Amino acid sequence: MTEPKRLFDCIEYHLNRTPINDMLAGKENGSWKTYSTQMVNTLVNQLSAGLFKLGLGPGDMSIEGRDKIAIICKNRPEWVILDLAVQKLGAILIPIYPTINVNELAFILNDSSAKAIFVNDKELFDKVHSIKDQINSVQHIYTFENVEGANNWGELLELADENAIKSIEEIAATIKSEDLATVLYTSGTTGTPKGVMLTHKNILSNVLASFSCLPPFENMRALSFLPLNHIFEKMITYYHLYKGTAIYYAESMETIADNLREVQPTLFSTVPRLLEKVYEKIMAKGADLKGIKKRLFFWAHELASNYEINKNQGWWYNFQLKIANKLIFSKWREALGNNVLAIVSGGAACQVRLIRIFTAAKIPILEGYGLTETSPVISVNRYNVEDRYFGTVGPVIDGVQVKIAEDGEILCKGDNVMLGYYKRPDLTAEAIIDGWYHTGDIGTIVEGRFLKITDRKKEMFKTSGGKYVAPLPIENKFKESVFIEQIMVIGAGKKFVSALIVPAFPNLIDWAKRNNVEYTTNEALIKDPRVLEQYQKAVDKYNEFFNHVEQIKKFKLCSKEWSIDTGELTPKLSLKRKVVMEKFNEVIESMYE
């Protein structure tokens with residue numbers, strides 16, 4: 001077969017090279033159900049033909065003319081099967097986060113004029129049904145789970161016949177690499193969602209460029225748990241499909257630890273927040289150890305904290321690290337399934353300390369950088385150790401150009417840059433100028449080839465004294481404290497920098513027990529003078545890393561963790577600064593009185 005041109009060519013590519021018995025796998029009734037390459041091919045063709053029989057299709061092949069099909073669903077094999085079926089049909093998939101609020105859901109369905117919606121289960125079926133009167137375009141709702149009174153996706157498979165399947169093959173043959181493959185709505189940290197239009201070429205250019213960045217081995221196995229409607233997970237899914245890697249879907253975020261042990265993946269992708277949670281659990285277990293075991297644990301941890309990449313630290317350090325890996329870090333690797341070659345991290349900045357420690361423990365973390373608008377990868381630290389640099393997001397990938405604008409903004413050009421924002425030529429013209437996509441991130445190039453992100457352009461602020469402050473590096477440094485779960489740095493137009501801090505409550509509660517601090521609720525705990533003194537010590541410690549203007553002069557502790565459900569985080573766990581500012585306005589103002 002020639003080089004693939006469309007995302008759905010992965011099936012033929014797979015069949016011609018290395019068909020496998022577990023191309024996709026999901027848990028059903030407590031056991032793994034696997035889908036072979038041949039089975040996926042059959043289901044994709046049947047589903048595509050069933051959608052065709054419903055009257056859905058490519059229309060006149062214009063962006064507006066092609067039918068839109070939405071999916072609101074957790075990760076499962078059927079998600080990918082639908083994606084492939086919609087592509088072959090010449091329609092356009094509109095993936096939506098399952099956690100989305102109903103107002104944003106109504107906006108996306110109306111903006112995209114979705115004609116059909118596929119949902120995971122009764123809960124999401126009810127969510128769509130609750131706003132059905134607000135949506136004029138929707139004609140069909142299908143569920144993947146059996147839901148009473150709802151149409152099941154299996155009914156579409158039964159509609160397929162030979163003529164319809166033949167029609168699908170004819171449509172698929174006309175689809176070009178430059179054609180639109182999907183519209184991904186970014187929740188963003190401000191404003192209404194924007195529909196990012198990505199072509200087959202956009203995403204596939206990223207897939208093909210990733211081959212030289214990730215482990216070069218055959219017969220690999222991946223665990224997937226980041227939402228598939230996130231471009232990072234979607235692109236890496238197609239990397240797996242072209243590579244011939246078996247993809248197993250975690251049951252839920254809560255079962256990841258169990259699924260890692262069951263599946264024993266060689267590779268998985270994640271966001272830093274989940275890595276931080278894994279690390280916190282490991283450290284909590286270490287703190288519970290007694291005697292020599294505890295001393296050994298923290299000795300190994302201290303060794304790993306001083307690890308340097310691409311630098312020989314001498315025979316004595318290497319010898320000690322070898323022992324630490326055998327006695328302590330082998331158990332860390334066991335917890336991840338004992339088979340992990342690398343973890344790919346993206347979506348937000350990862351603490352350098354975590355990358356350093358995990359890499360020393362023979363669990364390489366390959367941090368990358370990109371945006372939905374760039375399909376997503378712009379740069380990534382490679383599996384090849386010479387192409388990794390702690391504190392950077394790695395070298396720019398093949399086929400992508402990067403330059404730093406005069407104001408420090410990172411500009412990107414290449415086949416990975418989106419077609420534009422759906423129905424928003426005004427926003428497209430602002431974002432893409434002379435072919436260069438303006439990322440909104442500030443960065444530098446280290447050693448002539450490693451990209452380093454220093455902040456978000458929009459998040460930088462100026463104090464009333466006229467000094468610029470970049471909050472991101474400050475927040476990332478402070479999150480190294482075992483007592484700080486979340487933090488937001490504040491100070492735009494103010495005399496000094498302050499912060500809202502969400503404590504790492506498990507660690508704080510543990511500390512309170514050891515220090516005989518009595519309390520009834522989290523609210524009472526964070527007001528205790530000894531607790532406030534402990535946080536002042538942490539603030540003083542980390543302030544030393546920053547200049548006088550950047551240092552946090554005052555802080556307030558928050559009694560509840562910020563989350564997607566309560567509105568402070570986007571679905572990819574980025575901070576909605578505007579929402580936090582509004583919610584905690586009185587608290588913030590009290591620091592400046």
# chains A, B, ... in the order shown; residues from 1 in each chain; ligands from 1
>>> residues_around(residues="Glu561 in chain A", least_positions_apart="2", cutoff="8 Å", atoms="only C-alpha atoms", output="short mmCIF file (atom, residue, chain, number, x, y, z; two decimals) with C-alpha atoms, in the first residue's frame")
data_model
loop_
_atom_site.label_atom_id
_atom_site.label_comp_id
_atom_site.auth_asym_id
_atom_site.auth_seq_id
_atom_site.Cartn_x
_atom_site.Cartn_y
_atom_site.Cartn_z
CA GLU A 485 -2.87 20.68 45.39
CA GLN A 486 -3.84 23.71 43.26
CA VAL A 502 -6.16 24.68 47.49
CA PRO A 503 -4.42 22.44 50.05
CA CYS A 558 -9.67 27.35 49.82
CA SER A 559 -11.70 24.58 51.47
CA SER A 563 -12.94 20.71 39.47
#
>>> select_by_dssp(residues="range 167-327 of chain A", states="helix (DSSP H, G or I)", output="PyMOL selection string")
chain A and resi 167-174+200-210+231-243+253-263+272-288+291-305+315-327
>>> residues_around(residues="Gly50 in chain A", least_positions_apart="2", cutoff="10 Å", atoms="only C-alpha atoms", output="PDB file with N, CA and C atoms, in the first residue's frame")
ATOM      1  N   VAL A  44     -17.037  -1.202  10.895  1.00  0.00           N
ATOM      2  CA  VAL A  44     -16.948   0.148  10.323  1.00  0.00           C
ATOM      3  C   VAL A  44     -17.774   0.233   9.043  1.00  0.00           C
ATOM      4  N   ASN A  45     -17.624  -0.771   8.178  1.00  0.00           N
ATOM      5  CA  ASN A  45     -18.368  -0.773   6.914  1.00  0.00           C
ATOM      6  C   ASN A  45     -19.878  -0.891   7.152  1.00  0.00           C
ATOM      7  N   GLN A  46     -20.263  -1.745   8.108  1.00  0.00           N
ATOM      8  CA  GLN A  46     -21.694  -1.923   8.403  1.00  0.00           C
ATOM      9  C   GLN A  46     -22.288  -0.641   9.000  1.00  0.00           C
ATOM     10  N   LEU A  47     -21.582  -0.025   9.924  1.00  0.00           N
ATOM     11  CA  LEU A  47     -22.088   1.180  10.572  1.00  0.00           C
ATOM     12  C   LEU A  47     -22.176   2.333   9.572  1.00  0.00           C
ATOM     13  N   SER A  48     -21.158   2.445   8.745  1.00  0.00           N
ATOM     14  CA  SER A  48     -21.144   3.493   7.726  1.00  0.00           C
ATOM     15  C   SER A  48     -22.322   3.310   6.764  1.00  0.00           C
ATOM     16  N   PHE A  52     -25.649   5.626   6.113  1.00  0.00           N
ATOM     17  CA  PHE A  52     -25.987   5.985   4.724  1.00  0.00           C
ATOM     18  C   PHE A  52     -27.470   5.703   4.452  1.00  0.00           C
ATOM     19  N   LYS A  53     -27.946   4.558   4.964  1.00  0.00           N
ATOM     20  CA  LYS A  53     -29.352   4.171   4.771  1.00  0.00           C
ATOM     21  C   LYS A  53     -30.308   5.128   5.525  1.00  0.00           C
ATOM     22  N   LEU A  54     -29.781   5.786   6.569  1.00  0.00           N
ATOM     23  CA  LEU A  54     -30.583   6.784   7.299  1.00  0.00           C
ATOM     24  C   LEU A  54     -30.729   8.073   6.501  1.00  0.00           C
ATOM     25  N   GLY A  55     -29.905   8.176   5.444  1.00  0.00           N
ATOM     26  CA  GLY A  55     -29.942   9.397   4.643  1.00  0.00           C
ATOM     27  C   GLY A  55     -28.832  10.371   4.977  1.00  0.00           C
ATOM     28  N   LEU A  56     -27.850   9.916   5.776  1.00  0.00           N
ATOM     29  CA  LEU A  56     -26.718  10.777   6.128  1.00  0.00           C
ATOM     30  C   LEU A  56     -25.579  10.565   5.139  1.00  0.00           C
ATOM     31  N   ALA A  85     -16.263   5.108  10.689  1.00  0.00           N
ATOM     32  CA  ALA A  85     -17.458   4.955   9.844  1.00  0.00           C
ATOM     33  C   ALA A  85     -17.921   6.310   9.300  1.00  0.00           C
ATOM     34  N   LEU A  89     -18.044   7.673   5.343  1.00  0.00           N
ATOM     35  CA  LEU A  89     -19.338   8.154   4.854  1.00  0.00           C
ATOM     36  C   LEU A  89     -19.229   9.551   4.235  1.00  0.00           C
ATOM     37  N   TRP A 153     -27.171   1.528  18.799  1.00  0.00           N
ATOM     38  CA  TRP A 153     -26.328   1.605  17.596  1.00  0.00           C
ATOM     39  C   TRP A 153     -26.344   0.300  16.791  1.00  0.00           C
ATOM     40  N   GLY A 154     -26.617  -0.821  17.490  1.00  0.00           N
ATOM     41  CA  GLY A 154     -26.652  -2.125  16.806  1.00  0.00           C
ATOM     42  C   GLY A 154     -27.715  -2.179  15.712  1.00  0.00           C
ATOM     43  N   GLU A 155     -28.775  -1.357  15.865  1.00  0.00           N
ATOM     44  CA  GLU A 155     -29.843  -1.331  14.851  1.00  0.00           C
ATOM     45  C   GLU A 155     -29.306  -0.838  13.504  1.00  0.00           C
ATOM     46  N   LEU A 156     -28.322   0.043  13.556  1.00  0.00           N
ATOM     47  CA  LEU A 156     -27.745   0.579  12.304  1.00  0.00           C
ATOM     48  C   LEU A 156     -26.942  -0.487  11.567  1.00  0.00           C
ATOM     49  N   LEU A 157     -26.285  -1.375  12.340  1.00  0.00           N
ATOM     50  CA  LEU A 157     -25.498  -2.443  11.712  1.00  0.00           C
ATOM     51  C   LEU A 157     -26.426  -3.353  10.905  1.00  0.00           C
ATOM     52  N   GLU A 158     -27.631  -3.533  11.431  1.00  0.00           N
ATOM     53  CA  GLU A 158     -28.596  -4.417  10.761  1.00  0.00           C
ATOM     54  C   GLU A 158     -29.170  -3.795   9.488  1.00  0.00           C
ATOM     55  N   LEU A 159     -29.105  -2.474   9.383  1.00  0.00           N
ATOM     56  CA  LEU A 159     -29.614  -1.794   8.174  1.00  0.00           C
ATOM     57  C   LEU A 159     -28.702  -2.009   6.963  1.00  0.00           C
ATOM     58  N   ALA A 160     -27.429  -2.309   7.246  1.00  0.00           N
ATOM     59  CA  ALA A 160     -26.434  -2.384   6.164  1.00  0.00           C
ATOM     60  C   ALA A 160     -26.768  -3.503   5.178  1.00  0.00           C
ATOM     61  N   ASP A 161     -26.629  -3.190   3.874  1.00  0.00           N
ATOM     62  CA  ASP A 161     -26.737  -4.228   2.848  1.00  0.00           C
ATOM     63  C   ASP A 161     -25.616  -4.019   1.833  1.00  0.00           C
ATOM     64  N   ALA A 164     -25.512  -0.646  -0.065  1.00  0.00           N
ATOM     65  CA  ALA A 164     -25.095   0.484   0.778  1.00  0.00           C
ATOM     66  C   ALA A 164     -23.587   0.435   1.036  1.00  0.00           C
ATOM     67  N   ILE A 165     -23.056  -0.765   1.296  1.00  0.00           N
ATOM     68  CA  ILE A 165     -21.609  -0.905   1.543  1.00  0.00           C
ATOM     69  C   ILE A 165     -20.822  -0.513   0.288  1.00  0.00           C
ATOM     70  N   ILE A 168     -20.707   3.174   0.056  1.00  0.00           N
ATOM     71  CA  ILE A 168     -19.730   3.719   1.013  1.00  0.00           C
ATOM     72  C   ILE A 168     -18.325   3.674   0.422  1.00  0.00           C
TER      73      ILE A 168
END
>>> atom_distance(atom1="CA of Ile526 in chain A", atom2="CA of Met488 in chain A")
16.9 Å
>>> closest_residue(among="A:Leu354, A:Ile175, A:Val102, A:Ile433", to="Gln87 in chain A", atoms="only C-alpha atoms")
A:Ile175
>>> closest_residue(among="A:Asp121, A:Glu148, A:Asp111, A:Glu459", to="Gln134 in chain A", atoms="only C-alpha atoms")
A:Asp111
>>> closest_residue(among="A:Lys583, A:His200, A:His548, A:Lys477", to="Val352 in chain A", atoms="only C-alpha atoms")
A:Lys477
